[in-house]
Amino acid sequence: MQKKECIAMLLAGGQGSRLRGLTRNIAKPAVPFGGQYRIIDFSLSNCANSGIDTVGVLTQYKPQLLNKYIGMGVNWDLHGNGGGVTILPPYVGDRGGCWYQGTAHSVYQNIDYIDSFEPEHVLILSGDHIYKMNYEEMLVYHRRKDADLTISVIEVPWEEAGRFGIMNADGDMRITEFEEKPRKPKNNLASMGIYIFKTEVLKTYLKKDALDSTSNNDFGKNVIPRMLREGCSIYAFPYQGYWRDVGTVESYWLASMEILDDDAKLKMFDNDWCVYSESTSFPPAYFATGSYVKNSMVAEGCRISGEIENSLLFSGVKVEPGARVKDSIIMANVKISAGVVIDKAIIGEEVTVGEGAVVGGEYSKEYAKVRGSREHNITVIENNSDIAPYSHIGVLVMVKKDEEQLSGISGV
Amino acid sequence: MQKKECIAMLLAGGQGSRLRGLTRNIAKPAVPFGGQYRIIDFSLSNCANSGIDTVGVLTQYKPQLLNKYIGMGVNWDLHGNGGGVTILPPYVGDRGGCWYQGTAHSVYQNIDYIDSFEPEHVLILSGDHIYKMNYEEMLVYHRRKDADLTISVIEVPWEEAGRFGIMNADGDMRITEFEEKPRKPKNNLASMGIYIFKTEVLKTYLKKDALDSTSNNDFGKNVIPRMLREGCSIYAFPYQGYWRDVGTVESYWLASMEILDDDAKLKMFDNDWCVYSESTSFPPAYFATGSYVKNSMVAEGCRISGEIENSLLFSGVKVEPGARVKDSIIMANVKISAGVVIDKAIIGEEVTVGEGAVVGGEYSKEYAKVRGSREHNITVIENNSDIAPYSHIGVLVMVKKDEEQLSGISGV
Amino acid sequence: MKKVLGLVHQMKNEGLLKSITHHRCMAAVPFGGKYRLVDFVLSNMVNAGIDNIGLVTPAGSRSIMDHLGGGRGWGLDKKHGGLVFLPSANGRKTGRRRIVDLRDFYHNLDFLENREEEELIISGSNVVCNIDYHKVFQGHLDTGADITVVCSGGEKEGQVFLDADEGGRIHRLIIGKNKKPDTQPVVSLDMYLLKKELLVDILRECADSNRWDLIRDVLAKRVEDLDIRAFFYDGYFAVINSLASYYRCQMELLSPQVLQELFFANGPICTKWKDGPPSKYYRTCRVSNSLIANGCQIAGVVENSVVFRKVKIEEGAIVRNSIIMPKVKVQAEAYLDGVILDKGVAVGKGVHLKAPKGQPVVVERGATYFQEGAFI
Amino acid sequence: MKKVLGLVHQMKNEGLLKSITHHRCMAAVPFGGKYRLVDFVLSNMVNAGIDNIGLVTPAGSRSIMDHLGGGRGWGLDKKHGGLVFLPSANGRKTGRRRIVDLRDFYHNLDFLENREEEELIISGSNVVCNIDYHKVFQGHLDTGADITVVCSGGEKEGQVFLDADEGGRIHRLIIGKNKKPDTQPVVSLDMYLLKKELLVDILRECADSNRWDLIRDVLAKRVEDLDIRAFFYDGYFAVINSLASYYRCQMELLSPQVLQELFFANGPICTKWKDGPPSKYYRTCRVSNSLIANGCQIAGVVENSVVFRKVKIEEGAIVRNSIIMPKVKVQAEAYLDGVILDKGVAVGKGVHLKAPKGQPVVVERGATYFQEGAFI
């Protein structure tokens, strides 16, 4: 193996249960996002664009799709001689199998992998955030500070600060205090869950943490507080750009709708910082005579005869004449039959919506104003469901794959 | 996904503990073999050469190297549009994690993967046998017999039949009885652990087996006997060629030495049925003036100044002047210093053997005559060990990586 | 189908599609919003399991090599076989353009002889269709013909027409316009199945006679001596050999039936994958009867048009009956009707470009129009 | 180093290495038992993190495209960038062979202009070395030179020699033999670092003057006006520009020091991977001071020779001081001394092929010798 200055460990094992039906068969990082991508594409593209060509992806929960999707990293140009992407699932060793217990534990279990590249620094990432970031700049900062650990931070609204890990830093940005989800935050600088460690320091503290039977083996809850207590030099790297945690259905839906804003902060059409994704083999999108499309993104392979407004359509979606789609996210290969109304819903892959069915409702024109609230009433239809003609599926009713046909259920 | 006629499920989770130090850090299918390959290369190359382009690889024990090695199957041309190779490790689902309990259980856990290709037939393979076989011929046979299950069988010497699963078949090759390791075999047709199932039958019996709490979830012990009891049509496919189970140090060493026979049955120089392997970037092998090589295979990147006889050298091995290597297998990047004697040993990757050290001994010229015996006295040195100058490492003493330097230990 | 070798020939064609083919070979001509012409023949071959393909590549054509690269988009990036570029013979050009220039194959005789496949499918690089070569090959084996020529009975434009009897045996090949207006024309799709051995024999004879056109010099002359048969294909197809057919065929793609048949019914048509977001449709856009690839930003009106990747159409601009290649920018209030804009063309604010009906006008690569007012 | 574009130029060279270059461009010439010449420059670039490389590709050279394919062997099979084949300009040949033919770059001016890299490394495809371009580039930046020319002070053969002052500034370029026998010659390694902008300016000037040689027409004439500096490389290198240097340099590889320096000290030299078993050495073989690639079956004597893949040397055959390319078969009792056998040559039982010392004889691809007895 060739020696690398910095390699990345990408935590992709999360179940993401607050994404409800969206993570029924797949890990959270594999959830589709933005009409063309999966959530993990953003972190992996950041690695590729930042010149980090060696990434270990730690998987655990329903990794099948992720394993297939990531392969050798060809989609992100993360292959070639040496390095590349390696999937690191839990495994059976000499003393039997061991599931990953926490974020820190999963990295601890793969110290051999890290050692094989002899990196000076290790970048720890989550696979479930939407953002474009140059990790190289953070690495330069980390080196300049000669930090044991650098944590990327972002300003969040004061009223939301209690949901995050909050940093208190001195004038030099050295962190003096780290509070995980504080009741009374002294600050609004939140951890983005992006860490650069000196490799030796990381290994030392992972070993200490593994020996501590009271630990939850979590970076935020255990490892970083211990490092602070023991006097390690930890610096905050202030990040200014767009960053979203899409951990709930509401935040997922809001982040999707934000892309459609005319002045969207996530620059999708930015040629210098391309987000890579898997290739598809669909023809261009087709809009029939009489179709209608407004403020939407529509991927290739869609065939639109109906009306689309404020919506994101993934590839291969078919919208038949007279159907209306509003404020919704329609994943790949969905078929929306004639006369269907879809309103404020997330429709999973390969769903068929029968003629005249109504999905979702309660459209709020001013969604931006209620941002952060949990009262969005978004209807989620799971992958591969089959919605019977003329049925009514209301908000918060999930359709499960096993119940093959549902009809006549009105909103709850 | 496109529909496939037949996909393969390759069982690669085995620990291979009888291979002693050779499987200390890697799964058995990842063990190097034949100077250039890993054991799993043979099964995967068979798939590629037989036109089976969709392979699920079931991993469990120390899969890191295997995950990296297999990637998307590019090494075996098993990629391209649709299909390819997918790693299928144990995973955490809605009801928590579940390690693979037996061969049948591991396939049962991945029925979703099989279903995604809608194959008519499923080929089950082991990743730890050395052979070249055209699975397409077996599939044609399986279809002609309209069998629920076809098992590939090979004649073994009568005295060894008790170590295998033995088939008793009628004149049409329909199997009437299956005995796992019988004391008094009625037959010498042994199962090679290669099965083709009708997909529907496979799924039915995997489900039945999963519900049976007394089962070990093993194909040979549980699933196949049950199918026989319940009247499924199971046929034996007689295979004539070379096939070796290299499950012990002795059988591994013997199979390696067999390759060196002038009339070796495993045709390594066969252009029509290439065994694919990972690329390396070494220059050609260099033989210095004064070097000596006889009845050996030497891979690229070796630099030979000493003497080599009846041995297999993997790539990047350096043999300094005056060193002698006899009846041994030297894995990649080993350094053998001046004056060393290596005799009947297996030296793991990246080992350094210090000047004047003696490893192994008790050379038996007539190894062919004692084949099958367990009295081979083969010395195994684990990967990455460091053998001190002038030390004596005898037979059956394993050098472990942790004990950094050993010296003066004489043979046991 | 594992033992069939695919061979793709190319017309010498500079200027056949006006400026579109000045800097591209026919195979590399952009088509259908995200493809190049060669994608159809390559995909058809790959979908039938043919994964060893030799492609005749004219000297100096960077675009086709850029597009095909290692063949990854088609799953042809194999260690063994895959896609091989066959340099075309760069001999003196004779007066008459050859329909299938066998000199290019003769120039690569060693490649042909070294391949182990015994059967060949030769295809032109300018036929748009989604054909199941499995069926064609089975038909070829069933009749036992020496050579099978794929053809269609439609009313389509073409270059070579066939006279076949009821058994499918071809008795005459007619080059140019179909000369029997009383009968239904049968047009060749420029695809040929034959044994490699036979092609090698033919090539050696050509070398002796120094006559190199497969159609004129071989098939047309040997209809009695060789068993040449027609395989009738009844799906959608178009042979692109003029600007008119290039434009018309892309307008045909706007029919949902053609779209379905070409892209959704049989195997996929693969191409080089280019990353980029889906297209964004702004509040001010109006889109009708059009094909639009990924990465576009559409704020104006698009009607009856084919729009390639990364095109920007500003608010108030109107695009009708046009073909807009990648990275074109159309500024506000511009008006386009019946034009073909090559890659990277910039159309300034208020510029009008309108072609006479049925006579599409090509604007060459990288051109910019910034003066306001009507044009053409 | 991410922002450096690599450019590889090629000599027009038919016949420079006799029959070896009759059907191959210089870049595709087999070398060192498993490589082709271009592998060295590509690997040097890739090892320095340069993963966008344009390679001038002469028309009609299938061997180089076969070898490089999508660039996978070098990790250059990227979605963005990677290896791009630049078609060479196929203009009239002038009397004098150009050393670095800028017409080939001018022909691809749009490619150069579209790339975002600002810095260039241009290299010939016939230099064998393992150079750290990181260091060279750093040196180039440190001196602030307009153009840096990599050179060496060794006693080596070459084509262009330099007069540099103590600060490294080059004041004179001498083409052909070194003309000052009293001084230590400084030979150019045919590698140039400069800004893309400067190259584009130079190309435009060349187009005006219609003089196209980077050395004769640009560098030699502008030594005062441009700041041209030498970077001294002190590792092993060889410029292959004659049959003598081709043979001698491969014999030099048989020195353990050269082998170490070229293949084991700096980054790896990558090439196209070909599957196959390790070589088998039979009981009857005797091997000494030789390089032998994978897939060979050696039962005879091999001394002071370089043996490529899949060569078979039968019992009793003797091979000395020779270069044996892939798939050669040498039957029993044959005797070879000082010969270069091209790919697939077959040497029959008892045949003797011996060249005069120092004058290697080339046997062309696929030739067979079956009559017994001496030859040459």
# chains A, B, ... in the order shown; residues from 1 in each chain; ligands from 1
>>> residues_around(residues="stretch 110-125 of chain A", least_positions_apart="5", cutoff="9 Å", atoms="only C-alpha atoms", output="ChimeraX atom specification")
/A:1-12,43,54,56,58,83,88,105,135,139,193-200,202-203 /B:64
>>> select_by_dssp(residues="stretch 158-256 of chain D", states="alpha helix (DSSP H)", output="JSON list (two decimals) with all heavy atoms, in the first residue's frame")
[["chain", "number", "residue", "atom", "x", "y", "z"],
["D", 196, "LYS", "N", 0.61, 26.84, -19.78],
["D", 196, "LYS", "CA", -0.22, 26.55, -20.96],
["D", 196, "LYS", "C", -0.33, 27.78, -21.84],
["D", 196, "LYS", "O", -0.26, 27.70, -23.06],
["D", 196, "LYS", "CB", -1.61, 26.08, -20.52],
["D", 196, "LYS", "CG", -2.42, 25.54, -21.67],
["D", 196, "LYS", "CD", -3.75, 25.02, -21.21],
["D", 196, "LYS", "CE", -4.71, 26.14, -20.92],
["D", 196, "LYS", "NZ", -6.03, 25.65, -20.52],
["D", 197, "GLU", "N", -0.49, 28.91, -21.17],
["D", 197, "GLU", "CA", -0.63, 30.17, -21.88],
["D", 197, "GLU", "C", 0.54, 30.40, -22.82],
["D", 197, "GLU", "O", 0.37, 30.82, -23.96],
["D", 197, "GLU", "CB", -0.64, 31.27, -20.81],
["D", 197, "GLU", "CG", -1.47, 32.46, -21.14],
["D", 197, "GLU", "CD", -1.30, 33.50, -20.02],
["D", 197, "GLU", "OE1", -1.19, 33.09, -18.83],
["D", 197, "GLU", "OE2", -1.27, 34.68, -20.35],
["D", 198, "LEU", "N", 1.76, 30.11, -22.32],
["D", 198, "LEU", "CA", 2.95, 30.33, -23.14],
["D", 198, "LEU", "C", 2.94, 29.38, -24.33],
["D", 198, "LEU", "O", 3.24, 29.78, -25.46],
["D", 198, "LEU", "CB", 4.21, 30.12, -22.28],
["D", 198, "LEU", "CG", 5.55, 30.24, -23.02],
["D", 198, "LEU", "CD1", 5.67, 31.58, -23.72],
["D", 198, "LEU", "CD2", 6.71, 30.03, -22.05],
["D", 199, "LEU", "N", 2.55, 28.13, -24.09],
["D", 199, "LEU", "CA", 2.52, 27.19, -25.22],
["D", 199, "LEU", "C", 1.52, 27.67, -26.27],
["D", 199, "LEU", "O", 1.82, 27.63, -27.47],
["D", 199, "LEU", "CB", 2.15, 25.77, -24.75],
["D", 199, "LEU", "CG", 2.07, 24.76, -25.91],
["D", 199, "LEU", "CD1", 3.43, 24.54, -26.56],
["D", 199, "LEU", "CD2", 1.48, 23.43, -25.46],
["D", 200, "VAL", "N", 0.37, 28.13, -25.82],
["D", 200, "VAL", "CA", -0.64, 28.59, -26.78],
["D", 200, "VAL", "C", -0.11, 29.77, -27.59],
["D", 200, "VAL", "O", -0.26, 29.81, -28.82],
["D", 200, "VAL", "CB", -1.96, 28.93, -26.04],
["D", 200, "VAL", "CG1", -2.94, 29.63, -26.98],
["D", 200, "VAL", "CG2", -2.59, 27.66, -25.49],
["D", 201, "ASP", "N", 0.59, 30.70, -26.92],
["D", 201, "ASP", "CA", 1.21, 31.81, -27.66],
["D", 201, "ASP", "C", 2.20, 31.29, -28.70],
["D", 201, "ASP", "O", 2.21, 31.72, -29.84],
["D", 201, "ASP", "CB", 1.96, 32.73, -26.68],
["D", 201, "ASP", "CG", 1.01, 33.56, -25.85],
["D", 201, "ASP", "OD1", -0.20, 33.59, -26.20],
["D", 201, "ASP", "OD2", 1.45, 34.17, -24.86],
["D", 202, "ILE", "N", 3.04, 30.37, -28.25],
["D", 202, "ILE", "CA", 4.05, 29.81, -29.16],
["D", 202, "ILE", "C", 3.37, 29.15, -30.36],
["D", 202, "ILE", "O", 3.79, 29.32, -31.50],
["D", 202, "ILE", "CB", 4.94, 28.79, -28.40],
["D", 202, "ILE", "CG1", 5.87, 29.52, -27.43],
["D", 202, "ILE", "CG2", 5.73, 27.93, -29.37],
["D", 202, "ILE", "CD1", 6.67, 28.61, -26.52],
["D", 203, "LEU", "N", 2.28, 28.39, -30.09],
["D", 203, "LEU", "CA", 1.59, 27.70, -31.18],
["D", 203, "LEU", "C", 1.05, 28.71, -32.20],
["D", 203, "LEU", "O", 1.13, 28.48, -33.41],
["D", 203, "LEU", "CB", 0.45, 26.84, -30.63],
["D", 203, "LEU", "CG", 0.89, 25.63, -29.80],
["D", 203, "LEU", "CD1", -0.34, 24.90, -29.24],
["D", 203, "LEU", "CD2", 1.73, 24.67, -30.63],
["D", 204, "ARG", "N", 0.53, 29.81, -31.70],
["D", 204, "ARG", "CA", -0.03, 30.81, -32.62],
["D", 204, "ARG", "C", 1.09, 31.43, -33.47],
["D", 204, "ARG", "O", 0.92, 31.67, -34.67],
["D", 204, "ARG", "CB", -0.77, 31.89, -31.85],
["D", 204, "ARG", "CG", -2.06, 31.37, -31.23],
["D", 204, "ARG", "CD", -2.98, 32.51, -30.79],
["D", 204, "ARG", "NE", -3.94, 32.06, -29.82],
["D", 204, "ARG", "CZ", -5.02, 31.33, -30.10],
["D", 204, "ARG", "NH1", -5.26, 30.98, -31.35],
["D", 204, "ARG", "NH2", -5.86, 30.96, -29.15],
["D", 205, "GLU", "N", 2.23, 31.66, -32.84],
["D", 205, "GLU", "CA", 3.36, 32.20, -33.61],
["D", 205, "GLU", "C", 3.84, 31.21, -34.66],
["D", 205, "GLU", "O", 4.14, 31.59, -35.80],
["D", 205, "GLU", "CB", 4.52, 32.56, -32.67],
["D", 205, "GLU", "CG", 4.23, 33.82, -31.86],
["D", 205, "GLU", "CD", 5.14, 33.94, -30.65],
["D", 205, "GLU", "OE1", 6.25, 33.37, -30.66],
["D", 205, "GLU", "OE2", 4.72, 34.61, -29.66],
["D", 206, "CYS", "N", 3.85, 29.93, -34.28],
["D", 206, "CYS", "CA", 4.26, 28.91, -35.24],
["D", 206, "CYS", "C", 3.31, 28.91, -36.44],
["D", 206, "CYS", "O", 3.73, 28.74, -37.59],
["D", 206, "CYS", "CB", 4.25, 27.53, -34.60],
["D", 206, "CYS", "SG", 5.57, 27.30, -33.42],
["D", 207, "ALA", "N", 2.03, 29.07, -36.14],
["D", 207, "ALA", "CA", 1.04, 29.05, -37.22],
["D", 207, "ALA", "C", 1.31, 30.21, -38.17],
["D", 207, "ALA", "O", 1.16, 30.08, -39.39],
["D", 207, "ALA", "CB", -0.37, 29.13, -36.65],
["D", 208, "ASP", "N", 1.73, 31.36, -37.62],
["D", 208, "ASP", "CA", 2.03, 32.51, -38.48],
["D", 208, "ASP", "C", 3.26, 32.25, -39.33],
["D", 208, "ASP", "O", 3.28, 32.52, -40.52],
["D", 208, "ASP", "CB", 2.27, 33.76, -37.60],
["D", 208, "ASP", "CG", 0.97, 34.24, -36.97],
["D", 208, "ASP", "OD1", -0.11, 33.86, -37.47],
["D", 208, "ASP", "OD2", 1.04, 34.97, -35.96],
["D", 209, "SER", "N", 4.29, 31.70, -38.69],
["D", 209, "SER", "CA", 5.57, 31.54, -39.40],
["D", 209, "SER", "C", 5.62, 30.24, -40.17],
["D", 209, "SER", "O", 6.50, 30.04, -41.00],
["D", 209, "SER", "CB", 6.72, 31.57, -38.40],
["D", 209, "SER", "OG", 6.63, 30.42, -37.56],
["D", 243, "LEU", "N", 18.27, 1.65, -33.06],
["D", 243, "LEU", "CA", 18.26, 0.25, -32.70],
["D", 243, "LEU", "C", 19.36, -0.03, -31.68],
["D", 243, "LEU", "O", 19.18, -0.82, -30.75],
["D", 243, "LEU", "CB", 18.48, -0.61, -33.96],
["D", 243, "LEU", "CG", 18.19, -2.08, -33.76],
["D", 243, "LEU", "CD1", 16.73, -2.32, -33.41],
["D", 243, "LEU", "CD2", 18.58, -2.87, -35.01],
["D", 244, "ALA", "N", 20.48, 0.67, -31.83],
["D", 244, "ALA", "CA", 21.60, 0.47, -30.90],
["D", 244, "ALA", "C", 21.19, 0.85, -29.48],
["D", 244, "ALA", "O", 21.42, 0.10, -28.53],
["D", 244, "ALA", "CB", 22.81, 1.30, -31.36],
["D", 245, "SER", "N", 20.54, 2.03, -29.33],
["D", 245, "SER", "CA", 20.17, 2.44, -27.97],
["D", 245, "SER", "C", 19.06, 1.54, -27.43],
["D", 245, "SER", "O", 19.00, 1.28, -26.23],
["D", 245, "SER", "CB", 19.76, 3.91, -27.94],
["D", 245, "SER", "OG", 18.71, 4.17, -28.84],
["D", 246, "TYR", "N", 18.18, 1.07, -28.32],
["D", 246, "TYR", "CA", 17.11, 0.16, -27.91],
["D", 246, "TYR", "C", 17.68, -1.12, -27.31],
["D", 246, "TYR", "O", 17.27, -1.60, -26.26],
["D", 246, "TYR", "CB", 16.22, -0.14, -29.12],
["D", 246, "TYR", "CG", 15.11, -1.13, -28.87],
["D", 246, "TYR", "CD1", 14.01, -0.77, -28.09],
["D", 246, "TYR", "CD2", 15.14, -2.40, -29.42],
["D", 246, "TYR", "CE1", 12.97, -1.66, -27.86],
["D", 246, "TYR", "CE2", 14.11, -3.30, -29.21],
["D", 246, "TYR", "CZ", 13.02, -2.92, -28.42],
["D", 246, "TYR", "OH", 12.01, -3.81, -28.21],
["D", 247, "TYR", "N", 18.67, -1.67, -27.98],
["D", 247, "TYR", "CA", 19.28, -2.91, -27.53],
["D", 247, "TYR", "C", 20.13, -2.67, -26.28],
["D", 247, "TYR", "O", 19.98, -3.36, -25.27],
["D", 247, "TYR", "CB", 20.15, -3.49, -28.66],
["D", 247, "TYR", "CG", 20.88, -4.76, -28.30],
["D", 247, "TYR", "CD1", 20.23, -5.99, -28.30],
["D", 247, "TYR", "CD2", 22.24, -4.73, -27.96],
["D", 247, "TYR", "CE1", 20.90, -7.15, -27.97],
["D", 247, "TYR", "CE2", 22.92, -5.89, -27.63],
["D", 247, "TYR", "CZ", 22.25, -7.11, -27.63],
["D", 247, "TYR", "OH", 22.91, -8.26, -27.31],
["D", 248, "ARG", "N", 20.94, -1.63, -26.34],
["D", 248, "ARG", "CA", 21.87, -1.40, -25.24],
["D", 248, "ARG", "C", 21.13, -1.12, -23.94],
["D", 248, "ARG", "O", 21.47, -1.63, -22.88],
["D", 248, "ARG", "CB", 22.80, -0.24, -25.57],
["D", 248, "ARG", "CG", 24.01, -0.19, -24.64],
["D", 248, "ARG", "CD", 24.84, 1.05, -24.87],
["D", 248, "ARG", "NE", 24.02, 2.24, -24.73],
["D", 248, "ARG", "CZ", 23.83, 3.14, -25.69],
["D", 248, "ARG", "NH1", 24.43, 3.01, -26.86],
["D", 248, "ARG", "NH2", 23.06, 4.17, -25.46],
["D", 249, "CYS", "N", 20.09, -0.32, -24.02],
["D", 249, "CYS", "CA", 19.37, 0.06, -22.81],
["D", 249, "CYS", "C", 18.72, -1.16, -22.16],
["D", 249, "CYS", "O", 18.68, -1.29, -20.94],
["D", 249, "CYS", "CB", 18.35, 1.12, -23.16],
["D", 249, "CYS", "SG", 17.30, 1.55, -21.80],
["D", 250, "GLN", "N", 18.23, -2.09, -22.97],
["D", 250, "GLN", "CA", 17.62, -3.28, -22.37],
["D", 250, "GLN", "C", 18.68, -4.17, -21.73],
["D", 250, "GLN", "O", 18.42, -4.85, -20.73],
["D", 250, "GLN", "CB", 16.77, -4.02, -23.39],
["D", 250, "GLN", "CG", 15.54, -3.19, -23.74],
["D", 250, "GLN", "CD", 14.56, -3.91, -24.62],
["D", 250, "GLN", "OE1", 13.76, -4.70, -24.13],
["D", 250, "GLN", "NE2", 14.60, -3.65, -25.90],
["D", 251, "MET", "N", 19.88, -4.17, -22.31],
["D", 251, "MET", "CA", 20.96, -4.92, -21.67],
["D", 251, "MET", "C", 21.34, -4.26, -20.34],
["D", 251, "MET", "O", 21.69, -4.94, -19.38],
["D", 251, "MET", "CB", 22.18, -5.01, -22.61],
["D", 251, "MET", "CG", 21.94, -5.91, -23.82],
["D", 251, "MET", "SD", 21.61, -7.64, -23.34],
["D", 251, "MET", "CE", 20.21, -8.03, -24.37],
["D", 252, "GLU", "N", 21.23, -2.93, -20.29],
["D", 252, "GLU", "CA", 21.53, -2.21, -19.04],
["D", 252, "GLU", "C", 20.57, -2.58, -17.92],
["D", 252, "GLU", "O", 20.91, -2.54, -16.75],
["D", 252, "GLU", "CB", 21.49, -0.69, -19.28],
["D", 252, "GLU", "CG", 22.73, -0.17, -19.99],
["D", 252, "GLU", "CD", 22.60, 1.28, -20.43],
["D", 252, "GLU", "OE1", 21.53, 1.89, -20.24],
["D", 252, "GLU", "OE2", 23.58, 1.82, -20.99],
["D", 256, "PRO", "N", 21.61, -5.10, -11.63],
["D", 256, "PRO", "CA", 20.72, -4.99, -10.47],
["D", 256, "PRO", "C", 20.54, -3.55, -10.01],
["D", 256, "PRO", "O", 19.48, -3.18, -9.53],
["D", 256, "PRO", "CB", 21.43, -5.84, -9.40],
["D", 256, "PRO", "CG", 22.23, -6.82, -10.17],
["D", 256, "PRO", "CD", 22.66, -6.10, -11.42]]
>>> interface_residues(of="chain C", to="chain B", cutoff="8 Å", atoms="only C-alpha atoms", output="list in words")
Arg72, Trp74, Gly75, Leu76, Asp77, Lys78, Lys79 and His80 of chain C
>>> interface_residues(of="chain D", to="chain C", cutoff="6 Å", atoms="only C-alpha atoms", output="tab-separated table (two decimals) with C-alpha atoms, in the first residue's frame")
chain	number	residue	atom	x	y	z
D	59	ALA	CA	-3.16	7.83	-37.33
D	60	GLY	CA	-3.49	4.14	-37.91
D	69	GLY	CA	-7.32	1.16	-23.78
D	70	GLY	CA	-9.26	3.25	-21.30
D	87	PRO	CA	-4.84	12.80	-33.15
>>> interface_residues(of="chain B", to="chain A", cutoff="7 Å", atoms="only C-alpha atoms", output="list in words")
Gln60, Tyr61, Lys62, Pro63, Gln64, Asn67, Lys68, Gly71, Met72, Thr86, Ile87, Leu88, Pro89, Tyr91, Val92 and Gly93 of chain B
>>> write_last_selection(atoms="N, CA and C atoms", output="compact mmCIF listing (two decimals), in the first residue's frame")
# COMPACT_ATOMS: atom_id res chain seq x y z
N GLN B 60 -18.07 -13.34 5.70
CA GLN B 60 -18.34 -13.19 7.12
C GLN B 60 -17.03 -13.08 7.91
N TYR B 61 -16.15 -14.06 7.77
CA TYR B 61 -14.90 -14.08 8.55
C TYR B 61 -13.87 -13.16 7.90
N LYS B 62 -13.33 -12.22 8.65
CA LYS B 62 -12.26 -11.33 8.19
C LYS B 62 -12.33 -10.98 6.71
N PRO B 63 -13.35 -10.23 6.35
CA PRO B 63 -13.60 -10.02 4.93
C PRO B 63 -12.87 -8.84 4.33
N GLN B 64 -12.08 -8.10 5.10
CA GLN B 64 -11.55 -6.83 4.60
C GLN B 64 -10.79 -6.99 3.29
N ASN B 67 -13.10 -7.94 0.45
CA ASN B 67 -13.90 -6.82 -0.03
C ASN B 67 -13.10 -5.95 -0.98
N LYS B 68 -11.90 -5.65 -0.58
CA LYS B 68 -11.05 -4.80 -1.38
C LYS B 68 -10.67 -5.52 -2.68
N GLY B 71 -13.91 -6.01 -5.12
CA GLY B 71 -14.41 -4.77 -5.69
C GLY B 71 -15.64 -5.03 -6.52
N MET B 72 -15.65 -4.55 -7.72
CA MET B 72 -16.81 -4.79 -8.58
C MET B 72 -16.58 -5.95 -9.54
N THR B 86 -21.30 -8.73 -6.30
CA THR B 86 -21.76 -7.96 -5.14
C THR B 86 -21.34 -8.69 -3.88
N ILE B 87 -20.71 -7.97 -2.97
CA ILE B 87 -20.34 -8.54 -1.68
C ILE B 87 -21.58 -8.54 -0.79
N LEU B 88 -21.86 -9.67 -0.15
CA LEU B 88 -23.04 -9.77 0.71
C LEU B 88 -22.61 -10.17 2.12
N PRO B 89 -22.25 -9.20 2.95
CA PRO B 89 -21.86 -9.52 4.33
C PRO B 89 -23.11 -9.67 5.20
N TYR B 91 -25.67 -8.46 8.06
CA TYR B 91 -26.05 -7.07 8.22
C TYR B 91 -27.08 -6.93 9.33
N VAL B 92 -27.31 -5.68 9.69
CA VAL B 92 -28.33 -5.36 10.69
C VAL B 92 -29.61 -4.99 9.96
N GLY B 93 -30.70 -5.63 10.30
CA GLY B 93 -31.99 -5.30 9.71
C GLY B 93 -32.91 -4.70 10.76
>>> residues_around(residues="stretch 307-322 of chain B", least_positions_apart="6", cutoff="6 Å", atoms="only C-alpha atoms", output="PyMOL selection string")
chain B and resi 35-36+291-301+328-339
>>> residues_around(residues="stretch 233-238 of chain B", least_positions_apart="6", cutoff="6 Å", atoms="only C-alpha atoms", output="ChimeraX atom specification")
/B:147-154,173-175
>>> residues_around(residues="C:Thr284", least_positions_apart="6", cutoff="7 Å", atoms="only C-alpha atoms", output="JSON, numbers by chain")
{"C": [299, 300, 315]}
>>> closest_residue(among="B:Ile346, B:Asp327, B:Ser106, B:Glu355", to="B:Met257", atoms="only C-alpha atoms")
B:Asp327
